[in-house]
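As provided, coords04.cif (mmCIF, C-alpha atoms) reads as follows.
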```
data_entry
#
loop_
_atom_site.group_PDB
_atom_site.id
_atom_site.type_symbol
_atom_site.label_atom_id
_atom_site.label_comp_id
_atom_site.auth_asym_id
_atom_site.auth_seq_id
_atom_site.Cartn_x
_atom_site.Cartn_y
_atom_site.Cartn_z
ATOM 1 C CA MET A 18 3.672 12.686 -22.613
ATOM 2 C CA THR A 19 3.872 11.304 -26.080
ATOM 3 C CA ARG A 20 2.382 7.985 -26.855
ATOM 4 C CA PRO A 21 3.706 6.181 -29.881
ATOM 5 C CA LYS A 22 1.117 4.908 -32.311
ATOM 6 C CA SER A 23 0.938 1.247 -31.613
ATOM 7 C CA ARG A 24 2.058 -0.744 -34.579
ATOM 8 C CA GLN A 25 1.485 -4.395 -34.027
ATOM 9 C CA LEU A 26 -0.272 -4.151 -30.745
ATOM 10 C CA ARG A 27 -3.743 -5.509 -30.799
ATOM 11 C CA ALA A 28 -5.665 -5.765 -27.629
ATOM 12 C CA ASP A 29 -8.121 -8.159 -29.180
ATOM 13 C CA ALA A 30 -5.425 -10.651 -30.069
ATOM 14 C CA PRO A 31 -6.233 -14.050 -28.598
ATOM 15 C CA ALA A 32 -5.220 -14.412 -24.983
ATOM 16 C CA PRO A 33 -2.449 -16.878 -24.203
ATOM 17 C CA ALA A 34 -3.885 -20.349 -24.378
ATOM 18 C CA THR A 35 -4.918 -21.454 -20.953
ATOM 19 C CA LYS A 36 -7.516 -24.103 -20.528
ATOM 20 C CA LEU A 37 -9.435 -22.213 -17.916
ATOM 21 C CA GLU A 38 -12.619 -22.016 -19.886
ATOM 22 C CA ALA A 39 -12.457 -25.579 -21.031
ATOM 23 C CA LEU A 40 -13.857 -26.955 -17.844
ATOM 24 C CA PRO A 41 -17.483 -27.740 -18.501
ATOM 25 C CA GLY A 42 -19.868 -27.998 -15.589
ATOM 26 C CA SER A 43 -17.185 -27.189 -13.071
ATOM 27 C CA ALA A 44 -17.572 -25.158 -9.936
ATOM 28 C CA ALA A 45 -15.789 -22.399 -11.762
ATOM 29 C CA GLN A 46 -18.346 -22.229 -14.487
ATOM 30 C CA GLN A 47 -21.163 -22.257 -12.007
ATOM 31 C CA THR A 48 -19.652 -19.208 -10.358
ATOM 32 C CA SER A 49 -19.378 -17.193 -13.537
ATOM 33 C CA GLU A 50 -18.223 -17.222 -17.077
ATOM 34 C CA LEU A 51 -14.544 -16.425 -17.389
ATOM 35 C CA ASP A 52 -14.155 -12.715 -17.986
ATOM 36 C CA ARG A 53 -11.933 -12.670 -21.062
ATOM 37 C CA LEU A 54 -11.562 -8.944 -20.779
ATOM 38 C CA ILE A 55 -9.558 -9.023 -17.562
ATOM 39 C CA HIS A 56 -8.133 -12.495 -18.046
ATOM 40 C CA GLU A 57 -5.336 -10.956 -20.093
ATOM 41 C CA ARG A 58 -2.277 -10.382 -17.887
ATOM 42 C CA LEU A 59 -1.714 -6.681 -18.345
ATOM 43 C CA ARG A 60 -5.403 -5.818 -18.096
ATOM 44 C CA LEU A 61 -5.625 -7.902 -14.942
ATOM 45 C CA GLY A 62 -2.657 -5.928 -13.634
ATOM 46 C CA ILE A 63 -4.277 -2.583 -14.461
ATOM 47 C CA ILE A 64 -7.531 -3.554 -12.710
ATOM 48 C CA SER A 65 -5.688 -4.951 -9.661
ATOM 49 C CA ALA A 66 -3.510 -1.864 -9.289
ATOM 50 C CA LEU A 67 -6.472 0.501 -9.626
ATOM 51 C CA ALA A 68 -8.499 -1.545 -7.146
ATOM 52 C CA VAL A 69 -6.146 -0.542 -4.338
ATOM 53 C CA ASN A 70 -5.619 3.064 -5.420
ATOM 54 C CA GLU A 71 -7.943 6.043 -5.655
ATOM 55 C CA ALA A 72 -6.445 6.765 -9.083
ATOM 56 C CA LEU A 73 -3.192 6.149 -10.940
ATOM 57 C CA SER A 74 -1.560 8.120 -13.711
ATOM 58 C CA PHE A 75 -0.219 6.758 -16.980
ATOM 59 C CA THR A 76 3.369 7.100 -15.731
ATOM 60 C CA GLU A 77 2.626 5.389 -12.427
ATOM 61 C CA LEU A 78 0.849 2.445 -14.045
ATOM 62 C CA LYS A 79 3.542 2.079 -16.671
ATOM 63 C CA ALA A 80 6.286 1.882 -14.040
ATOM 64 C CA LEU A 81 4.249 -0.338 -11.776
ATOM 65 C CA LEU A 82 3.358 -2.886 -14.439
ATOM 66 C CA ASN A 83 6.736 -2.594 -16.124
ATOM 67 C CA THR A 84 5.275 -2.202 -19.594
ATOM 68 C CA THR A 85 5.510 0.087 -22.612
ATOM 69 C CA ASP A 86 3.488 3.177 -23.526
ATOM 70 C CA GLY A 87 1.860 1.418 -26.456
ATOM 71 C CA ASN A 88 0.892 -1.707 -24.561
ATOM 72 C CA LEU A 89 -0.558 0.230 -21.669
ATOM 73 C CA SER A 90 -2.679 2.544 -23.806
ATOM 74 C CA VAL A 91 -4.050 -0.266 -25.942
ATOM 75 C CA HIS A 92 -5.068 -2.405 -22.989
ATOM 76 C CA ALA A 93 -6.328 0.496 -20.914
ATOM 77 C CA ARG A 94 -8.540 1.532 -23.826
ATOM 78 C CA LYS A 95 -10.052 -1.958 -23.922
ATOM 79 C CA LEU A 96 -10.952 -1.648 -20.258
ATOM 80 C CA GLU A 97 -12.309 1.869 -20.792
ATOM 81 C CA GLU A 98 -14.565 0.619 -23.582
ATOM 82 C CA ALA A 99 -16.048 -1.917 -21.182
ATOM 83 C CA ASP A 100 -16.416 0.847 -18.568
ATOM 84 C CA TYR A 101 -14.245 -1.135 -16.147
ATOM 85 C CA ILE A 102 -11.996 1.886 -15.699
ATOM 86 C CA ARG A 103 -12.573 5.578 -16.276
ATOM 87 C CA CYS A 104 -10.103 7.989 -17.734
ATOM 88 C CA THR A 105 -9.481 11.632 -16.843
ATOM 89 C CA LYS A 106 -7.308 13.822 -19.020
ATOM 90 C CA THR A 107 -5.855 16.963 -17.485
ATOM 91 C CA PHE A 108 -2.994 19.307 -18.174
ATOM 92 C CA GLU A 109 -0.093 19.856 -15.831
ATOM 93 C CA GLY A 110 1.182 23.072 -17.289
ATOM 94 C CA ARG A 111 1.429 22.125 -20.929
ATOM 95 C CA VAL A 112 1.909 18.422 -20.388
ATOM 96 C CA PRO A 113 -1.209 16.319 -20.831
ATOM 97 C CA LYS A 114 -1.771 13.896 -18.009
ATOM 98 C CA THR A 115 -3.922 10.796 -18.114
ATOM 99 C CA THR A 116 -5.226 9.240 -14.924
ATOM 100 C CA TRP A 117 -7.504 6.271 -14.435
ATOM 101 C CA LYS A 118 -9.910 5.180 -11.760
ATOM 102 C CA ILE A 119 -11.632 1.842 -11.397
ATOM 103 C CA SER A 120 -15.413 1.906 -11.961
ATOM 104 C CA PRO A 121 -17.983 -0.015 -9.887
ATOM 105 C CA ALA A 122 -18.361 -2.378 -12.846
ATOM 106 C CA GLY A 123 -14.603 -2.939 -12.907
ATOM 107 C CA ARG A 124 -14.517 -3.658 -9.198
ATOM 108 C CA LYS A 125 -17.338 -6.156 -9.617
ATOM 109 C CA ALA A 126 -15.568 -7.797 -12.559
ATOM 110 C CA LEU A 127 -12.385 -8.221 -10.521
ATOM 111 C CA GLN A 128 -14.345 -9.680 -7.617
ATOM 112 C CA LYS A 129 -16.028 -12.141 -9.981
ATOM 113 C CA TYR A 130 -12.684 -13.057 -11.483
ATOM 114 C CA LEU A 131 -11.205 -13.668 -8.040
ATOM 115 C CA ASP A 132 -14.202 -15.837 -7.100
ATOM 116 C CA HIS A 133 -13.743 -17.711 -10.332
ATOM 117 C CA MET A 134 -10.076 -18.444 -9.653
ATOM 118 C CA GLU A 135 -10.848 -19.492 -6.084
ATOM 119 C CA ALA A 136 -13.611 -21.787 -7.269
ATOM 120 C CA LEU A 137 -11.197 -23.364 -9.721
ATOM 121 C CA ILE A 138 -8.694 -24.007 -6.967
ATOM 122 C CA HIS A 139 -11.320 -25.522 -4.696
ATOM 123 C CA ALA A 140 -12.704 -27.628 -7.529
ATOM 124 C CA THR A 141 -9.318 -29.117 -8.336
ATOM 125 C CA ARG A 142 -8.394 -29.569 -4.691
ATOM 126 C CA ARG A 143 -11.533 -31.558 -3.912
ATOM 127 C CA ARG A 144 -10.606 -34.294 -6.348
ATOM 128 C CA MET B 25 -19.608 -34.300 -17.533
ATOM 129 C CA ALA B 26 -16.535 -34.770 -15.385
ATOM 130 C CA PRO B 27 -13.488 -32.696 -16.230
ATOM 131 C CA ASP B 28 -10.448 -34.473 -17.528
ATOM 132 C CA PRO B 29 -8.451 -35.306 -14.386
ATOM 133 C CA GLU B 30 -5.207 -34.678 -16.214
ATOM 134 C CA GLU B 31 -6.158 -31.060 -16.609
ATOM 135 C CA ALA B 32 -6.588 -30.558 -12.901
ATOM 136 C CA PRO B 33 -3.026 -29.816 -11.771
ATOM 137 C CA SER B 34 -2.314 -27.338 -14.550
ATOM 138 C CA LEU B 35 -5.668 -25.598 -14.086
ATOM 139 C CA HIS B 36 -5.000 -25.399 -10.410
ATOM 140 C CA ALA B 37 -1.568 -23.971 -11.094
ATOM 141 C CA VAL B 38 -2.871 -21.390 -13.565
ATOM 142 C CA ALA B 39 -5.592 -20.232 -11.195
ATOM 143 C CA ALA B 40 -3.151 -20.059 -8.295
ATOM 144 C CA ASP B 41 -0.677 -18.160 -10.456
ATOM 145 C CA ASN B 42 -3.384 -15.666 -11.442
ATOM 146 C CA LEU B 43 -4.332 -15.095 -7.821
ATOM 147 C CA HIS B 44 -0.690 -14.675 -6.920
ATOM 148 C CA TYR B 45 -0.223 -12.121 -9.691
ATOM 149 C CA ILE B 46 -3.265 -10.114 -8.561
ATOM 150 C CA ARG B 47 -2.057 -10.077 -4.964
ATOM 151 C CA ALA B 48 1.508 -9.141 -5.913
ATOM 152 C CA THR B 49 0.268 -6.312 -8.144
ATOM 153 C CA MET B 50 -2.018 -4.992 -5.424
ATOM 154 C CA GLU B 51 0.728 -5.081 -2.835
ATOM 155 C CA ARG B 52 3.155 -3.306 -5.100
ATOM 156 C CA ALA B 53 0.539 -0.760 -6.183
ATOM 157 C CA GLY B 54 -0.651 -0.094 -2.668
ATOM 158 C CA SER B 55 2.676 0.250 -0.955
ATOM 159 C CA PHE B 56 5.501 0.780 -3.345
ATOM 160 C CA THR B 57 6.218 4.363 -2.385
ATOM 161 C CA ALA B 58 4.140 4.917 0.692
ATOM 162 C CA VAL B 59 6.142 3.216 3.398
ATOM 163 C CA PRO B 60 9.920 3.114 3.243
ATOM 164 C CA GLY B 61 11.345 0.132 5.143
ATOM 165 C CA TRP B 62 14.937 1.242 5.621
ATOM 166 C CA GLY B 63 13.622 4.710 6.431
ATOM 167 C CA GLY B 64 11.620 3.093 9.224
ATOM 168 C CA VAL B 65 14.771 1.436 10.592
ATOM 169 C CA VAL B 66 16.605 4.787 10.586
ATOM 170 C CA MET B 67 13.649 6.462 12.301
ATOM 171 C CA GLY B 68 13.717 3.682 14.885
ATOM 172 C CA LEU B 69 17.401 4.282 15.609
ATOM 173 C CA ILE B 70 16.653 7.983 16.037
ATOM 174 C CA GLY B 71 13.806 7.056 18.386
ATOM 175 C CA LEU B 72 16.042 4.797 20.488
ATOM 176 C CA SER B 73 18.776 7.451 20.741
ATOM 177 C CA SER B 74 16.190 10.007 21.722
ATOM 178 C CA ALA B 75 14.835 7.731 24.470
ATOM 179 C CA ALA B 76 18.363 7.298 25.829
ATOM 180 C CA ILE B 77 19.048 11.061 25.832
ATOM 181 C CA ALA B 78 15.609 12.063 27.109
ATOM 182 C CA TRP B 79 15.923 9.544 29.954
ATOM 183 C CA GLN B 80 18.821 11.559 31.384
ATOM 184 C CA GLN B 81 17.004 14.887 31.347
ATOM 185 C CA ALA B 82 15.996 16.068 34.808
ATOM 186 C CA GLU B 83 13.813 18.899 33.594
ATOM 187 C CA PHE B 84 10.587 18.258 31.748
ATOM 188 C CA ARG B 85 11.271 21.099 29.341
ATOM 189 C CA ALA B 86 14.615 19.593 28.287
ATOM 190 C CA TRP B 87 12.940 16.179 27.971
ATOM 191 C CA LEU B 88 10.254 17.651 25.714
ATOM 192 C CA ILE B 89 12.790 19.470 23.535
ATOM 193 C CA THR B 90 14.781 16.227 23.116
ATOM 194 C CA TRP B 91 11.757 14.343 21.807
ATOM 195 C CA LEU B 92 10.553 17.214 19.611
ATOM 196 C CA ALA B 93 14.011 17.532 18.040
ATOM 197 C CA ALA B 94 14.102 13.767 17.488
ATOM 198 C CA ALA B 95 10.663 13.949 15.858
ATOM 199 C CA ALA B 96 11.831 16.677 13.486
ATOM 200 C CA ILE B 97 14.962 14.688 12.538
ATOM 201 C CA ALA B 98 12.932 11.492 12.101
ATOM 202 C CA VAL B 99 10.344 13.216 9.885
ATOM 203 C CA THR B 100 13.161 14.562 7.700
ATOM 204 C CA ALA B 101 14.735 11.097 7.504
ATOM 205 C CA GLY B 102 11.363 9.576 6.604
ATOM 206 C CA THR B 103 10.784 12.136 3.848
ATOM 207 C CA VAL B 104 14.231 11.528 2.374
ATOM 208 C CA ALA B 105 13.604 7.774 2.552
ATOM 209 C CA ILE B 106 10.309 8.145 0.642
ATOM 210 C CA ALA B 107 12.106 10.213 -2.000
ATOM 211 C CA ILE B 108 14.882 7.610 -2.366
ATOM 212 C CA LYS B 109 12.437 4.717 -2.543
ATOM 213 C CA SER B 110 10.237 6.494 -5.102
ATOM 214 C CA ARG B 111 13.213 7.267 -7.250
ATOM 215 C CA ALA B 112 14.423 3.676 -7.104
ATOM 216 C CA ALA B 113 10.982 2.506 -8.229
ATOM 217 C CA GLY B 114 10.877 5.115 -10.979
ATOM 218 C CA ILE B 115 7.815 6.749 -9.456
ATOM 219 C CA PRO B 116 7.250 10.496 -9.030
ATOM 220 C CA PHE B 117 7.729 11.654 -5.424
ATOM 221 C CA PHE B 118 4.133 12.775 -5.056
ATOM 222 C CA SER B 119 2.608 9.706 -6.610
ATOM 223 C CA ARG B 120 -0.937 9.009 -5.581
ATOM 224 C CA PRO B 121 -0.194 6.321 -3.002
ATOM 225 C CA ALA B 122 2.349 8.642 -1.358
ATOM 226 C CA ARG B 123 -0.028 11.577 -1.393
ATOM 227 C CA GLN B 124 -2.839 9.448 -0.040
ATOM 228 C CA PHE B 125 -0.537 8.239 2.710
ATOM 229 C CA LEU B 126 0.513 11.765 3.684
ATOM 230 C CA LEU B 127 -3.028 13.132 3.601
ATOM 231 C CA SER B 128 -4.259 10.463 6.008
ATOM 232 C CA PHE B 129 -1.088 10.502 8.088
ATOM 233 C CA ALA B 130 -0.854 14.222 8.791
ATOM 234 C CA PRO B 131 -4.152 15.057 10.611
ATOM 235 C CA PRO B 132 -3.563 12.875 13.712
ATOM 236 C CA LEU B 133 -0.024 14.282 13.963
ATOM 237 C CA LEU B 134 -1.369 17.825 13.760
ATOM 238 C CA ALA B 135 -3.824 16.962 16.536
ATOM 239 C CA GLY B 136 -0.879 15.602 18.542
ATOM 240 C CA ALA B 137 1.103 18.805 18.105
ATOM 241 C CA LEU B 138 -1.833 20.947 19.284
ATOM 242 C CA LEU B 139 -2.576 18.690 22.261
ATOM 243 C CA THR B 140 1.095 18.706 23.279
ATOM 244 C CA GLN B 141 0.963 22.489 23.375
ATOM 245 C CA VAL B 142 -2.233 22.509 25.466
ATOM 246 C CA LEU B 143 -1.171 19.746 27.854
ATOM 247 C CA TYR B 144 2.202 21.439 28.390
ATOM 248 C CA ALA B 145 0.549 24.802 29.038
ATOM 249 C CA THR B 146 -1.925 23.329 31.534
ATOM 250 C CA GLY B 147 0.699 21.174 33.234
ATOM 251 C CA SER B 148 -0.954 17.820 32.434
ATOM 252 C CA VAL B 149 2.358 16.587 31.062
ATOM 253 C CA SER B 150 2.029 12.988 32.269
ATOM 254 C CA ALA B 151 -0.509 12.339 29.484
ATOM 255 C CA ILE B 152 1.864 13.481 26.725
ATOM 256 C CA PRO B 153 3.848 10.254 26.020
ATOM 257 C CA GLY B 154 0.752 8.039 25.874
ATOM 258 C CA MET B 155 -1.060 10.592 23.734
ATOM 259 C CA TRP B 156 1.871 10.710 21.282
ATOM 260 C CA LEU B 157 1.884 6.925 20.909
ATOM 261 C CA LEU B 158 -1.915 6.781 20.522
ATOM 262 C CA LEU B 159 -2.065 9.490 17.855
ATOM 263 C CA TYR B 160 0.976 8.210 15.988
ATOM 264 C CA GLY B 161 -0.674 4.785 15.925
ATOM 265 C CA ALA B 162 -3.866 6.377 14.593
ATOM 266 C CA ALA B 163 -1.840 8.168 11.899
ATOM 267 C CA VAL B 164 -0.110 4.937 10.841
ATOM 268 C CA ILE B 165 -3.402 3.032 10.685
ATOM 269 C CA ALA B 166 -5.052 5.794 8.645
ATOM 270 C CA GLY B 167 -2.079 6.212 6.313
ATOM 271 C CA GLY B 168 -1.504 2.498 5.946
ATOM 272 C CA ALA B 169 -5.130 1.489 5.472
ATOM 273 C CA PHE B 170 -4.524 0.711 1.808
ATOM 274 C CA SER B 171 -0.973 -0.453 2.275
ATOM 275 C CA VAL B 172 0.435 -3.881 3.029
ATOM 276 C CA ARG B 173 -1.084 -5.473 6.105
ATOM 277 C CA VAL B 174 1.956 -5.055 8.362
ATOM 278 C CA VAL B 175 1.580 -1.254 8.310
ATOM 279 C CA PRO B 176 -1.817 -0.996 10.041
ATOM 280 C CA LEU B 177 -0.637 -3.768 12.362
ATOM 281 C CA MET B 178 2.251 -1.544 13.459
ATOM 282 C CA GLY B 179 -0.243 1.276 14.044
ATOM 283 C CA LEU B 180 -2.346 -0.992 16.231
ATOM 284 C CA LEU B 181 0.683 -1.886 18.363
ATOM 285 C CA PHE B 182 1.477 1.822 18.802
ATOM 286 C CA ILE B 183 -2.080 2.366 20.061
ATOM 287 C CA LEU B 184 -1.826 -0.542 22.496
ATOM 288 C CA LEU B 185 1.496 0.766 23.769
ATOM 289 C CA GLY B 186 0.022 4.266 24.140
ATOM 290 C CA ALA B 187 -2.975 2.932 26.039
ATOM 291 C CA VAL B 188 -0.723 1.099 28.492
ATOM 292 C CA ALA B 189 1.549 4.144 28.803
ATOM 293 C CA LEU B 190 -1.386 6.379 29.760
ATOM 294 C CA PHE B 191 -2.110 4.222 32.808
ATOM 295 C CA SER B 192 1.497 3.587 33.841
ATOM 296 C CA PRO B 193 3.816 5.573 36.131
ATOM 297 C CA THR B 194 5.244 8.693 34.454
ATOM 298 C CA GLU B 195 8.843 7.570 35.117
ATOM 299 C CA TRP B 196 8.384 4.759 32.572
ATOM 300 C CA LYS B 197 7.612 7.202 29.773
ATOM 301 C CA ASP B 198 10.930 6.822 27.945
ATOM 302 C CA PHE B 199 10.625 3.062 28.099
ATOM 303 C CA PHE B 200 7.284 3.217 26.269
ATOM 304 C CA LEU B 201 8.432 5.866 23.793
ATOM 305 C CA GLY B 202 11.639 3.919 23.113
ATOM 306 C CA ALA B 203 9.665 0.703 22.621
ATOM 307 C CA GLY B 204 7.304 2.442 20.190
ATOM 308 C CA PHE B 205 9.272 4.990 18.211
ATOM 309 C CA GLY B 206 12.464 2.913 18.545
ATOM 310 C CA ILE B 207 11.790 -0.833 18.552
ATOM 311 C CA LEU B 208 8.494 -0.933 16.601
ATOM 312 C CA HIS B 209 9.962 1.264 13.858
ATOM 313 C CA ILE B 210 13.087 -0.893 13.581
ATOM 314 C CA VAL B 211 11.262 -4.243 13.570
ATOM 315 C CA PHE B 212 8.525 -3.232 11.130
ATOM 316 C CA GLY B 213 10.948 -1.212 9.008
ATOM 317 C CA ALA B 214 13.138 -4.294 8.610
ATOM 318 C CA VAL B 215 10.138 -6.473 7.710
ATOM 319 C CA ILE B 216 8.931 -3.962 5.119
ATOM 320 C CA ALA B 217 12.429 -3.515 3.680
ATOM 321 C CA ARG B 218 12.878 -7.264 3.285
ATOM 322 C CA ARG B 219 9.451 -8.128 1.947
ATOM 323 C CA TYR B 220 8.441 -5.056 -0.003
ATOM 324 C CA GLY B 221 11.572 -3.864 -1.712
ATOM 325 C CA GLY B 222 13.374 -1.305 0.414
#
```
Do you think you could lay out the structure here as structure tokens?
Amino acid sequence: MTRPKSRQLRADAPAPATKLEALPGSAAQQTSELDRLIHERLRLGIISALAVNEALSFTELKALLNTTDGNLSVHARKLEEADYIRCTKTFEGRVPKTTWKISPAGRKALQKYLDHMEALIHATRRR
Amino acid sequence: MAPDPEEAPSLHAVAADNLHYIRATMERAGSFTAVPGWGGVVMGLIGLSSAAIAWQQAEFRAWLITWLAAAAIAVTAGTVAIAIKSRAAGIPFFSRPARQFLLSFAPPLLAGALLTQVLYATGSVSAIPGMWLLLYGAAVIAGGAFSVRVVPLMGLLFILLGAVALFSPTEWKDFFLGAGFGILHIVFGAVIARRYGG
């Protein structure tokens, strides 16, 4: 599989402006700081998909998340750097194959993120 | 410091939307090739036809052959359905969810095939229908453990049906098999097809 060199894709570009963090002293903040790393949509998708699968290949994730080669590799690399997911590279014949698995740290991060979102919902509902 | 009340609805909406996205992604990732809905409906129709034909067989041997033939046809239909659904989703046939499903699904069925052989040879044939339903239910629960929730639920109903069948008169066997391999397949197949894309 060939992966085009990403041109303008930057994983560290600011996430779409949501005001989730701007809620001082809320139940959400008491639960945990917002995990910027998986707050981004595609990265959240990668983590969620891997959480319910033993492992997924590049092709499978790309189709599942309906994204491009460049986008997927950039965001997956971000998650790899944080050790939220782990990458295995193998060869199927002559074709290189990349598969990912979620790490214990990644699973914990997703759980924290879910708690965070739930806390936010409860906090707003109570008012 | 109290949060700005005006922020509350949008925050709530964003958080709810995030949760929804996570759940949708997980459901798609966990089930998108594994369980074909329309395939389930077709398998159910095969199961119902088989119950109707098997019901008319006087000899046990002919009855057994009817159900075994139906099982072979249904397995073929299920495999074709998985292939069609994978292709529609743009996923390789042996994607990981599909492989995981097959690897957990096959062992109970293998056990069922061996037990059928033994029970037939020893003449304890009245246990066969209940045993089939029990082991098929176990296979569905194992295979569907990481799938959408309706799949293990279907497996559980197969097990319940099998348990009742084991302690019921032998003449009712085609009723139980028809209810399981026919009706359960059709109902759950239709639900899966409607909710989870095919």
### Message
Quick check on the file I pasted: which residues fall under the PyMOL selection byres ((chain A) within 6 of (chain B))? Write them as a PyMOL selection string.
### Response
chain A and resi 40+65-66+69+134+138+141
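Of note, atom CA of Leu92 of chain B and atom CA of Tyr144 of chain B are spaced 12.8 Å apart.
Interatomic distance, atom CA of Phe199 of chain B to atom CA of Gly161 of chain B: 16.7 Å.
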### Task
May I have the residues within 12 Å of Ala137 of chain B as JSON, numbers by chain, using all atoms listed in the file and disregarding those fewer than 3 positions away in the same chain?
{"B": [88, 92, 95, 96, 130, 131, 132, 133, 134, 140, 141, 142, 143, 144, 152, 153, 155, 156, 159, 160]}
### Message
Show me the residues around (-3.1, -5.4, -23.1) - criterion: an atom at most 6 Å away, all atoms listed in the file counted - as an MDAnalysis selection string.
### Response
chainID A and resid 28 59:60 88 91:92
### Query
Separation of atom CA of Val65 of chain B and atom CA of Ser192 of chain B, in Å?
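Interatomic distance, atom CA of Val65 of chain B to atom CA of Ser192 of chain B: 26.9 Å.
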### Task
Give me the residues within 12 Å of Trp196 of chain B as a PyMOL selection string, counting all atoms listed in the file and dropping any in the same chain fewer than 4 places off.
chain B and resi 75+78-79+150+153-154+185-186+188-192+200-203
